[in-house]
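Novice: Here you go, this is query_19.pdb (PDB, C-alpha atoms).
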```pdb
MODEL        1
ATOM      1  CA  MET A   8      -0.173   0.474   2.862
ATOM      2  CA  LEU A   9       1.309   0.906  -0.621
ATOM      3  CA  GLU A  10       2.763   4.276   0.337
ATOM      4  CA  VAL A  11       4.452   2.682   3.354
ATOM      5  CA  PHE A  12       5.876  -0.089   1.157
ATOM      6  CA  SER A  13       7.129   2.559  -1.256
ATOM      7  CA  LYS A  14       8.922   4.290   1.624
ATOM      8  CA  VAL A  15      10.430   0.967   2.789
ATOM      9  CA  ILE A  16      11.621   0.243  -0.753
ATOM     10  CA  SER A  17      13.141   3.736  -1.123
ATOM     11  CA  ASP A  18      15.037   3.421   2.159
ATOM     12  CA  HIS A  19      16.272  -0.136   1.600
ATOM     13  CA  LYS A  20      19.967  -0.750   1.038
ATOM     14  CA  PRO A  21      20.762  -4.372   0.146
ATOM     15  CA  PRO A  22      23.772  -6.147   1.728
ATOM     16  CA  SER A  23      27.024  -6.116  -0.203
ATOM     17  CA  ASP A  24      26.620  -9.701  -1.384
ATOM     18  CA  ALA A  25      23.119  -9.221  -2.930
ATOM     19  CA  THR A  26      21.436  -7.003  -5.519
ATOM     20  CA  PHE A  27      18.433  -4.841  -4.705
ATOM     21  CA  SER A  28      16.196  -6.750  -7.165
ATOM     22  CA  ARG A  29      16.818 -10.104  -5.513
ATOM     23  CA  HIS A  30      16.845  -8.889  -1.908
ATOM     24  CA  ILE A  31      13.850  -6.527  -1.788
ATOM     25  CA  GLN A  32      11.162  -9.220  -1.485
ATOM     26  CA  LYS A  33      13.062 -10.908   1.346
ATOM     27  CA  HIS A  34      13.257  -7.487   3.006
ATOM     28  CA  LEU A  35       9.520  -6.774   2.547
ATOM     29  CA  ASP A  36       8.241 -10.164   3.742
ATOM     30  CA  PRO A  37       8.720  -9.405   7.492
ATOM     31  CA  HIS A  38       6.834  -6.107   7.052
ATOM     32  CA  ILE A  39       3.936  -7.943   5.411
ATOM     33  CA  ALA A  40       3.999 -10.595   8.155
ATOM     34  CA  TYR A  41       3.911  -7.829  10.776
ATOM     35  CA  LEU A  42       0.793  -6.321   9.175
ATOM     36  CA  LEU A  43      -0.871  -9.746   9.205
ATOM     37  CA  SER A  44      -0.022 -10.218  12.881
ATOM     38  CA  ILE A  45      -1.651  -6.908  13.861
ATOM     39  CA  ARG A  46      -5.070  -7.456  12.249
ATOM     40  CA  PRO A  47      -6.654  -9.397   9.361
ATOM     41  CA  MET A  48      -5.838  -7.862   5.990
ATOM     42  CA  SER A  49      -8.638  -6.748   3.721
ATOM     43  CA  LEU A  50      -8.999  -8.704   0.483
ATOM     44  CA  SER A  51      -8.022  -5.617  -1.515
ATOM     45  CA  MET A  52      -4.804  -5.271   0.520
ATOM     46  CA  ARG A  53      -3.972  -8.887  -0.281
ATOM     47  CA  GLU A  54      -4.666  -8.186  -3.952
ATOM     48  CA  CYS A  55      -2.297  -5.188  -3.887
ATOM     49  CA  ILE A  56       0.421  -7.265  -2.211
ATOM     50  CA  ARG A  57      -0.045  -9.968  -4.870
ATOM     51  CA  TRP A  58       0.395  -7.296  -7.553
ATOM     52  CA  LEU A  59       3.497  -5.852  -5.830
ATOM     53  CA  LYS A  60       5.146  -9.281  -5.529
ATOM     54  CA  LYS A  61       4.549  -9.847  -9.242
ATOM     55  CA  GLU A  62       6.218  -6.508  -9.995
ATOM     56  CA  MET A  63       9.223  -7.476  -7.867
ATOM     57  CA  ALA A  64       9.446 -10.839  -9.641
ATOM     58  CA  ASP A  65       9.339  -9.085 -13.040
ATOM     59  CA  ILE A  66      12.266  -6.860 -12.050
ATOM     60  CA  VAL A  67      14.365  -9.933 -11.166
ATOM     61  CA  GLU A  68      13.697 -11.391 -14.644
ATOM     62  CA  GLU A  69      14.831  -8.242 -16.500
ATOM     63  CA  ASP A  70      17.548  -8.879 -19.079
ATOM     64  CA  PRO A  71      19.984  -7.160 -18.928
ATOM     65  CA  PRO A  72      19.662  -6.858 -15.119
ATOM     66  CA  LEU A  73      18.664  -3.449 -13.752
ATOM     67  CA  SER A  74      21.025  -1.520 -11.531
ATOM     68  CA  ASP A  75      19.980  -1.120  -7.893
ATOM     69  CA  ALA A  76      19.021   2.529  -8.444
ATOM     70  CA  ASP A  77      16.975   1.746 -11.582
ATOM     71  CA  ALA A  78      15.197  -1.186  -9.919
ATOM     72  CA  LYS A  79      14.342   0.938  -6.893
ATOM     73  CA  ASN A  80      13.057   3.818  -9.030
ATOM     74  CA  ARG A  81      11.002   1.528 -11.246
ATOM     75  CA  LEU A  82       9.329  -0.143  -8.278
ATOM     76  CA  THR A  83       8.463   3.123  -6.508
ATOM     77  CA  GLU A  84       7.195   4.655  -9.768
ATOM     78  CA  ARG A  85       4.931   1.672 -10.398
ATOM     79  CA  ILE A  86       3.503   1.872  -6.900
ATOM     80  CA  SER A  87       2.679   5.569  -7.340
ATOM     81  CA  HIS A  88       1.234   4.778 -10.792
ATOM     82  CA  PHE A  89      -0.948   2.030  -9.280
ATOM     83  CA  ILE A  90      -2.235   4.365  -6.554
ATOM     84  CA  ARG A  91      -2.994   7.086  -9.098
ATOM     85  CA  GLU A  92      -4.649   4.910 -11.761
ATOM     86  CA  ARG A  93      -6.279   2.092  -9.820
ATOM     87  CA  ILE A  94      -7.381   3.999  -6.702
ATOM     88  CA  THR A  95      -7.503   7.800  -7.055
ATOM     89  CA  MET A  96      -8.544   8.103 -10.708
ATOM     90  CA  ALA A  97     -10.691   4.974 -10.422
ATOM     91  CA  ASP A  98     -12.893   6.668  -7.813
ATOM     92  CA  GLN A  99     -13.328   9.712 -10.066
ATOM     93  CA  LEU A 100     -14.334   7.524 -13.026
ATOM     94  CA  ILE A 101     -16.770   5.532 -10.871
ATOM     95  CA  ILE A 102     -18.436   8.805  -9.855
ATOM     96  CA  GLN A 103     -18.735   9.859 -13.521
ATOM     97  CA  ASN A 104     -20.189   6.473 -14.497
ATOM     98  CA  GLY A 105     -22.520   6.432 -11.502
ATOM     99  CA  LEU A 106     -23.903   9.893 -12.333
ATOM    100  CA  THR A 107     -25.382   8.496 -15.554
ATOM    101  CA  LYS A 108     -27.715   6.313 -13.472
ATOM    102  CA  ILE A 109     -29.118   9.003 -11.170
ATOM    103  CA  GLN A 110     -31.987  11.211 -12.390
ATOM    104  CA  ASP A 111     -34.256  13.908 -10.950
ATOM    105  CA  GLY A 112     -36.782  12.480  -8.521
ATOM    106  CA  ASP A 113     -34.691   9.470  -7.510
ATOM    107  CA  VAL A 114     -34.810   8.228  -3.940
ATOM    108  CA  ILE A 115     -31.487   6.483  -3.305
ATOM    109  CA  LEU A 116     -30.972   4.072  -0.446
ATOM    110  CA  THR A 117     -27.465   3.341   0.787
ATOM    111  CA  TYR A 118     -26.219   1.200   3.637
ATOM    112  CA  ALA A 119     -23.506   1.941   6.223
ATOM    113  CA  LYS A 120     -20.701   4.102   4.784
ATOM    114  CA  SER A 121     -18.708   3.869   1.577
ATOM    115  CA  SER A 122     -16.364   6.724   0.636
ATOM    116  CA  VAL A 123     -16.960   6.296  -3.103
ATOM    117  CA  VAL A 124     -20.755   6.256  -2.620
ATOM    118  CA  GLU A 125     -20.473   9.325  -0.396
ATOM    119  CA  ASN A 126     -18.500  11.193  -3.086
ATOM    120  CA  LEU A 127     -20.970  10.059  -5.761
ATOM    121  CA  LEU A 128     -23.915  11.473  -3.777
ATOM    122  CA  LEU A 129     -22.075  14.736  -3.046
ATOM    123  CA  GLU A 130     -21.201  15.114  -6.741
ATOM    124  CA  THR A 131     -24.829  14.421  -7.681
ATOM    125  CA  GLN A 132     -25.851  17.290  -5.402
ATOM    126  CA  LYS A 133     -23.300  19.604  -7.063
ATOM    127  CA  LYS A 134     -24.761  18.735 -10.493
ATOM    128  CA  GLY A 135     -28.102  20.170  -9.364
ATOM    129  CA  ILE A 136     -29.963  16.849  -9.598
ATOM    130  CA  ASP A 137     -33.086  16.760  -7.408
ATOM    131  CA  PHE A 138     -32.909  13.563  -5.368
ATOM    132  CA  LYS A 139     -33.300  12.211  -1.847
ATOM    133  CA  VAL A 140     -31.160   9.795   0.152
ATOM    134  CA  ILE A 141     -32.172   7.166   2.686
ATOM    135  CA  VAL A 142     -29.313   5.980   4.893
ATOM    136  CA  VAL A 143     -29.806   2.550   6.462
ATOM    137  CA  ASP A 144     -27.540   1.755   9.378
ATOM    138  CA  SER A 145     -26.904  -0.967  11.943
ATOM    139  CA  ARG A 146     -25.197  -1.494  15.235
ATOM    140  CA  PRO A 147     -22.605  -1.893  16.579
ATOM    141  CA  LEU A 148     -20.542   0.346  14.252
ATOM    142  CA  PHE A 149     -23.240   2.833  13.152
ATOM    143  CA  GLU A 150     -21.065   3.908  10.213
ATOM    144  CA  GLY A 151     -24.100   5.400   8.492
ATOM    145  CA  LYS A 152     -24.192   8.218  11.046
ATOM    146  CA  HIS A 153     -20.897   9.570   9.708
ATOM    147  CA  LEU A 154     -22.229   9.438   6.133
ATOM    148  CA  LEU A 155     -25.509  11.045   7.185
ATOM    149  CA  ARG A 156     -23.673  13.918   8.860
ATOM    150  CA  ARG A 157     -21.696  14.671   5.681
ATOM    151  CA  LEU A 158     -24.726  14.474   3.381
ATOM    152  CA  VAL A 159     -26.942  16.679   5.564
ATOM    153  CA  ALA A 160     -24.129  19.246   5.859
ATOM    154  CA  ALA A 161     -24.051  19.359   2.030
ATOM    155  CA  GLY A 162     -27.777  20.176   1.946
ATOM    156  CA  ILE A 163     -29.013  16.768   0.732
ATOM    157  CA  ASP A 164     -32.520  15.721   1.831
ATOM    158  CA  CYS A 165     -31.901  12.591   3.939
ATOM    159  CA  SER A 166     -33.768  10.053   6.038
ATOM    160  CA  TYR A 167     -32.203   7.634   8.529
ATOM    161  CA  TYR A 168     -33.373   4.105   9.282
ATOM    162  CA  LEU A 169     -32.002   1.127  11.142
ATOM    163  CA  LEU A 170     -31.512  -2.168   9.313
ATOM    164  CA  SER A 171     -34.501  -3.740  11.061
ATOM    165  CA  SER A 172     -36.733  -1.186   9.281
ATOM    166  CA  VAL A 173     -35.294  -1.762   5.796
ATOM    167  CA  TYR A 174     -38.640  -2.824   4.280
ATOM    168  CA  VAL A 175     -40.262   0.374   5.564
ATOM    169  CA  ALA A 176     -37.360   2.392   4.135
ATOM    170  CA  LEU A 177     -37.716   0.708   0.718
ATOM    171  CA  LYS A 178     -41.311   1.876   0.192
ATOM    172  CA  SER A 179     -40.300   5.019  -1.693
ATOM    173  CA  VAL A 180     -36.843   3.936  -2.948
ATOM    174  CA  THR A 181     -36.047   3.907  -6.686
ATOM    175  CA  LYS A 182     -32.408   2.701  -6.510
ATOM    176  CA  VAL A 183     -30.068   1.097  -3.988
ATOM    177  CA  VAL A 184     -26.406   2.180  -4.186
ATOM    178  CA  MET A 185     -23.788   0.546  -1.957
ATOM    179  CA  GLY A 186     -20.035   0.126  -1.744
ATOM    180  CA  ALA A 187     -18.089  -3.130  -1.566
ATOM    181  CA  HIS A 188     -15.184  -4.538   0.388
ATOM    182  CA  ALA A 189     -14.400  -6.906  -2.492
ATOM    183  CA  LEU A 190     -15.986  -8.452  -5.582
ATOM    184  CA  LEU A 191     -15.425 -12.199  -5.668
ATOM    185  CA  ASN A 192     -14.747 -14.408  -8.665
ATOM    186  CA  ASN A 193     -18.262 -15.866  -8.641
ATOM    187  CA  GLY A 194     -19.814 -12.396  -8.852
ATOM    188  CA  ALA A 195     -20.720 -12.283  -5.158
ATOM    189  CA  VAL A 196     -20.154  -9.052  -3.248
ATOM    190  CA  TYR A 197     -18.195  -9.187   0.011
ATOM    191  CA  SER A 198     -19.222  -6.150   2.032
ATOM    192  CA  ARG A 199     -20.174  -4.739   5.436
ATOM    193  CA  ILE A 200     -22.445  -7.172   7.255
ATOM    194  CA  GLY A 201     -26.067  -6.315   6.563
ATOM    195  CA  SER A 202     -25.442  -5.496   2.886
ATOM    196  CA  ALA A 203     -26.829  -8.879   1.808
ATOM    197  CA  MET A 204     -30.050  -8.255   3.717
ATOM    198  CA  VAL A 205     -30.488  -4.839   2.063
ATOM    199  CA  ALA A 206     -29.776  -6.257  -1.419
ATOM    200  CA  MET A 207     -32.181  -9.183  -0.943
ATOM    201  CA  ALA A 208     -34.931  -6.916   0.381
ATOM    202  CA  ALA A 209     -34.475  -4.540  -2.573
ATOM    203  CA  SER A 210     -34.502  -7.457  -5.017
ATOM    204  CA  ASP A 211     -37.723  -8.692  -3.396
ATOM    205  CA  LYS A 212     -39.257  -5.268  -4.129
ATOM    206  CA  GLN A 213     -37.763  -5.285  -7.679
ATOM    207  CA  ILE A 214     -35.595  -2.255  -6.920
ATOM    208  CA  PRO A 215     -32.264  -2.143  -8.819
ATOM    209  CA  VAL A 216     -29.128  -2.611  -6.718
ATOM    210  CA  MET A 217     -25.935  -0.845  -7.850
ATOM    211  CA  ILE A 218     -22.533  -1.634  -6.311
ATOM    212  CA  CYS A 219     -19.676   0.890  -6.632
ATOM    213  CA  CYS A 220     -16.377  -0.999  -6.663
ATOM    214  CA  GLU A 221     -12.868  -0.289  -7.979
ATOM    215  CA  THR A 222     -11.258  -3.073 -10.005
ATOM    216  CA  TYR A 223      -8.373  -3.426  -7.530
ATOM    217  CA  LYS A 224     -11.013  -4.868  -5.162
ATOM    218  CA  PHE A 225     -11.785  -7.682  -7.634
ATOM    219  CA  VAL A 226     -10.271 -10.834  -6.159
ATOM    220  CA  ASN A 227      -9.608 -14.264  -7.609
ATOM    221  CA  ARG A 228     -11.476 -16.005  -4.810
ATOM    222  CA  THR A 229     -14.837 -17.792  -4.712
ATOM    223  CA  GLN A 230     -17.015 -17.739  -1.620
ATOM    224  CA  VAL A 231     -20.686 -18.649  -1.134
ATOM    225  CA  ASP A 232     -21.107 -17.870   2.560
ATOM    226  CA  SER A 233     -19.771 -15.587   5.292
ATOM    227  CA  PHE A 234     -18.063 -18.297   7.366
ATOM    228  CA  VAL A 235     -15.332 -19.574   5.012
ATOM    229  CA  LEU A 236     -13.504 -16.273   5.347
ATOM    230  CA  ASN A 237     -14.435 -13.295   7.476
ATOM    231  CA  GLU A 238     -13.121 -10.849  10.019
ATOM    232  CA  LEU A 239     -14.267 -11.044  13.621
ATOM    233  CA  GLY A 240     -15.051  -7.870  15.519
ATOM    234  CA  ASP A 241     -14.829  -7.427  19.271
ATOM    235  CA  PRO A 242     -17.697  -9.493  20.768
ATOM    236  CA  ASP A 243     -18.118  -6.898  23.522
ATOM    237  CA  ASP A 244     -19.226  -4.400  20.868
ATOM    238  CA  LEU A 245     -22.490  -6.368  20.709
ATOM    239  CA  VAL A 246     -22.961  -5.933  24.450
ATOM    240  CA  HIS A 247     -22.032  -2.297  25.000
ATOM    241  CA  THR A 248     -25.076  -0.415  23.728
ATOM    242  CA  THR A 249     -25.009   2.421  26.266
ATOM    243  CA  HIS A 250     -22.458   4.931  27.460
ATOM    244  CA  THR A 251     -22.977   4.863  31.227
ATOM    245  CA  PRO A 252     -21.041   2.183  33.172
ATOM    246  CA  SER A 253     -23.960   1.480  35.544
ATOM    247  CA  GLU A 254     -26.294   0.682  32.627
ATOM    248  CA  GLU A 255     -23.661  -1.503  30.944
ATOM    249  CA  GLU A 256     -23.171  -3.530  34.120
ATOM    250  CA  SER A 257     -26.898  -4.287  34.260
ATOM    251  CA  ALA A 258     -27.132  -5.201  30.552
ATOM    252  CA  VAL A 259     -28.497  -8.670  29.801
ATOM    253  CA  LEU A 260     -25.244  -9.871  28.190
ATOM    254  CA  SER A 261     -22.795  -8.020  30.432
ATOM    255  CA  LEU A 262     -21.647 -11.269  32.102
ATOM    256  CA  TRP A 263     -21.621 -13.383  28.942
ATOM    257  CA  ARG A 264     -18.024 -14.460  29.492
ATOM    258  CA  ASN A 265     -19.105 -16.229  32.684
ATOM    259  CA  GLN A 266     -21.569 -18.411  30.765
ATOM    260  CA  PRO A 267     -19.674 -21.557  29.650
ATOM    261  CA  ASP A 268     -22.226 -22.406  26.932
ATOM    262  CA  LEU A 269     -22.486 -18.911  25.435
ATOM    263  CA  ARG A 270     -20.373 -17.365  22.675
ATOM    264  CA  LEU A 271     -20.906 -14.054  20.887
ATOM    265  CA  LEU A 272     -20.116 -13.876  17.167
ATOM    266  CA  ASN A 273     -19.510 -10.422  15.731
ATOM    267  CA  LEU A 274     -18.908 -10.905  11.995
ATOM    268  CA  LEU A 275     -17.853  -7.767  10.139
ATOM    269  CA  TYR A 276     -18.706  -8.778   6.548
ATOM    270  CA  ASP A 277     -21.235 -10.811   4.619
ATOM    271  CA  VAL A 278     -21.551 -12.233   1.089
ATOM    272  CA  THR A 279     -24.288 -11.065  -1.281
ATOM    273  CA  PRO A 280     -25.011 -13.560  -4.113
ATOM    274  CA  SER A 281     -24.715 -12.156  -7.644
ATOM    275  CA  LYS A 282     -28.421 -12.703  -8.396
ATOM    276  CA  TYR A 283     -29.311  -9.826  -6.067
ATOM    277  CA  ILE A 284     -26.943  -7.346  -7.769
ATOM    278  CA  THR A 285     -28.227  -5.460 -10.831
ATOM    279  CA  LEU A 286     -24.912  -3.948 -11.915
ATOM    280  CA  VAL A 287     -21.469  -2.945 -10.707
ATOM    281  CA  VAL A 288     -20.157   0.571 -11.330
ATOM    282  CA  THR A 289     -16.394   0.413 -11.978
ATOM    283  CA  GLU A 290     -13.782   2.670 -13.544
ATOM    284  CA  VAL A 291     -13.985   0.552 -16.715
ATOM    285  CA  GLY A 292     -17.746   0.983 -17.061
ATOM    286  CA  LEU A 293     -21.034  -0.494 -15.880
ATOM    287  CA  ILE A 294     -20.788  -4.285 -15.800
ATOM    288  CA  PRO A 295     -22.782  -7.277 -14.545
ATOM    289  CA  CYS A 296     -21.116  -8.731 -11.453
ATOM    290  CA  THR A 297     -20.735 -12.062 -13.235
ATOM    291  CA  SER A 298     -18.098 -10.369 -15.435
ATOM    292  CA  ALA A 299     -15.805 -10.008 -12.412
ATOM    293  CA  PRO A 300     -13.402 -12.861 -13.332
ATOM    294  CA  VAL A 301     -13.027 -11.584 -16.908
ATOM    295  CA  ILE A 302     -12.360  -8.020 -15.753
ATOM    296  CA  TRP A 303      -9.930  -9.265 -13.092
ATOM    297  CA  ARG A 304      -7.923 -11.203 -15.675
ATOM    298  CA  GLU A 305      -8.070  -8.792 -18.616
ATOM    299  CA  TYR A 306      -7.677  -5.566 -16.686
ATOM    300  CA  ASN A 307      -4.711  -6.838 -14.684
ATOM    301  CA  GLU A 308      -3.001  -8.033 -17.872
ATOM    302  CA  GLU A 309      -3.706  -4.754 -19.662
ATOM    303  CA  PHE A 310      -2.459  -2.707 -16.703
ATOM    304  CA  GLY A 311       0.733  -4.731 -16.716
ATOM    305  CA  LYS A 312       1.283  -4.047 -20.416
ATOM    306  CA  ARG A 313       0.745  -0.307 -20.023
ATOM    307  CA  MET A 314       3.173  -0.198 -17.117
ATOM    308  CA  ALA A 315       5.876  -2.089 -19.001
TER     309      ALA A 315
ENDMDL
END
```
Can I see the file as structure tokens?
Specialist:
Amino acid sequence: MLEVFSKVISDHKPPSDATFSRHIQKHLDPHIAYLLSIRPMSLSMRECIRWLKKEMADIVEEDPPLSDADAKNRLTERISHFIRERITMADQLIIQNGLTKIQDGDVILTYAKSSVVENLLLETQKKGIDFKVIVVDSRPLFEGKHLLRRLVAAGIDCSYYLLSSVYVALKSVTKVVMGAHALLNNGAVYSRIGSAMVAMAASDKQIPVMICCETYKFVNRTQVDSFVLNELGDPDDLVHTTHTPSEEESAVLSLWRNQPDLRLLNLLYDVTPSKYITLVVTEVGLIPCTSAPVIWREYNEEFGKRMA
């Protein structure tokens, strides 16, 4: 998304009666509105847009005013800097920090698929650490299958369970490591639906739960349940469990749309309360999730100073 905005900014030529600095936000707003109309934005995308709008506002306030070329260059450079520092390098630092918590003999459980968790596990394998992975997955997306395929191809000893068997899977687990869609201001983790169940089950068994999350996913929003804000998936995904049309037609819920008193709710994310999270692995270190609002405020301010 940021790369597309950078391209839009580079190609933009303001009208003759306006400067680039004052016209660029007006030019970007329809693009942002278009993205919103296509599908719900992730919380981290909203956070990046908030940051970009602040950068555009800062350029307008420059004294003396920047020329159009300088304003354009500064904005595109800051976007590339943000991508490099807050996303690309952040993932590498999270992997380095996460490696300090994995030892020989560990049995690590992860849920669904997170790219940063995947890279952490692959890097752990490269370091020669002797460990096993249990992948817990759930329908309808079955994202864990993609993670499992990558880990097995790398030679990692893996087991695969469905979410309904999470307590069986936890019997031999020493650590739970999961990704996050966002870290909320109250320390709760907003992640793929089912994550809360895994974290609560692990907490019940007194197994530490580690969340890998970049600081650009920290959001200044408080949420205590999954209904205040969420993304709805296609309800038919809950019905279509087979691949043959004849079997789908005979499925119990195949005619659910004809039932006036029946609705299917396919939530994509859930909220895990902070009390079930042991620590959060970020690019700025290992922190308790209750430190999220402090990190959000301080890190954003510090990043702004370094970019100035």
Novice: Select all residues near (22.8, -3.9, -4.7) (cut-off 12 Å, inclusive, file coordinates), counting all atoms listed in the file, and output them as a PyMOL selection string.
Specialist: chain A and resi 19-31+72-79
Novice: Mind dumping the selected residues with C-alpha atoms as a CSV table (one decimal), in the coordinates of the input?
Specialist:
```csv
chain,number,residue,atom,x,y,z
A,19,HIS,CA,16.3,-0.1,1.6
A,20,LYS,CA,20.0,-0.8,1.0
A,21,PRO,CA,20.8,-4.4,0.1
A,22,PRO,CA,23.8,-6.1,1.7
A,23,SER,CA,27.0,-6.1,-0.2
A,24,ASP,CA,26.6,-9.7,-1.4
A,25,ALA,CA,23.1,-9.2,-2.9
A,26,THR,CA,21.4,-7.0,-5.5
A,27,PHE,CA,18.4,-4.8,-4.7
A,28,SER,CA,16.2,-6.8,-7.2
A,29,ARG,CA,16.8,-10.1,-5.5
A,30,HIS,CA,16.8,-8.9,-1.9
A,31,ILE,CA,13.8,-6.5,-1.8
A,72,PRO,CA,19.7,-6.9,-15.1
A,73,LEU,CA,18.7,-3.4,-13.8
A,74,SER,CA,21.0,-1.5,-11.5
A,75,ASP,CA,20.0,-1.1,-7.9
A,76,ALA,CA,19.0,2.5,-8.4
A,77,ASP,CA,17.0,1.7,-11.6
A,78,ALA,CA,15.2,-1.2,-9.9
A,79,LYS,CA,14.3,0.9,-6.9
```
Novice: Would you translate the PyMOL selection byres ((chain A and resi 118-120) around 6) into the concrete set of residues it matches in this file, as a list in words?
Specialist: Thr117, Ser121, Val142, Val143, Asp144, Glu150, Gly151 and Leu154 of chain A
Novice: Skipping near chain neighbours, those fewer than 3 positions away, what residues fall within 12 Å of region 264-278 of chain A using all atoms listed in the file, listed as a ChimeraX atom specification?
Specialist: /A:47,49-50,119,145-148,187-191,193-207,229-246,259-261,281-284
Novice: Nearest residue to Cys55 (chain A) out of A:Glu10, A:Glu290, A:Asp111, A:Asp164, using all atoms listed in the file?
Specialist: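 The shortest atom-to-atom distance to Cys55 (chain A) comes from A:Glu10.
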Novice: The PyMOL selection byres ((chain A and resi 303) around 8) - which residues does that actually catch in the file I just gave you? List them as number ranges by chain.
Specialist: A: 222, 225-227, 299-302, 304-307
Novice: Have a look at A:Asp113, A:Glu62, A:Asp137, A:Asp36 and name the one nearest to Ile214 (chain A); count all atoms listed in the file.
Specialist: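 Ranked by minimum distance to Ile214 (chain A), first place goes to A:Asp113.
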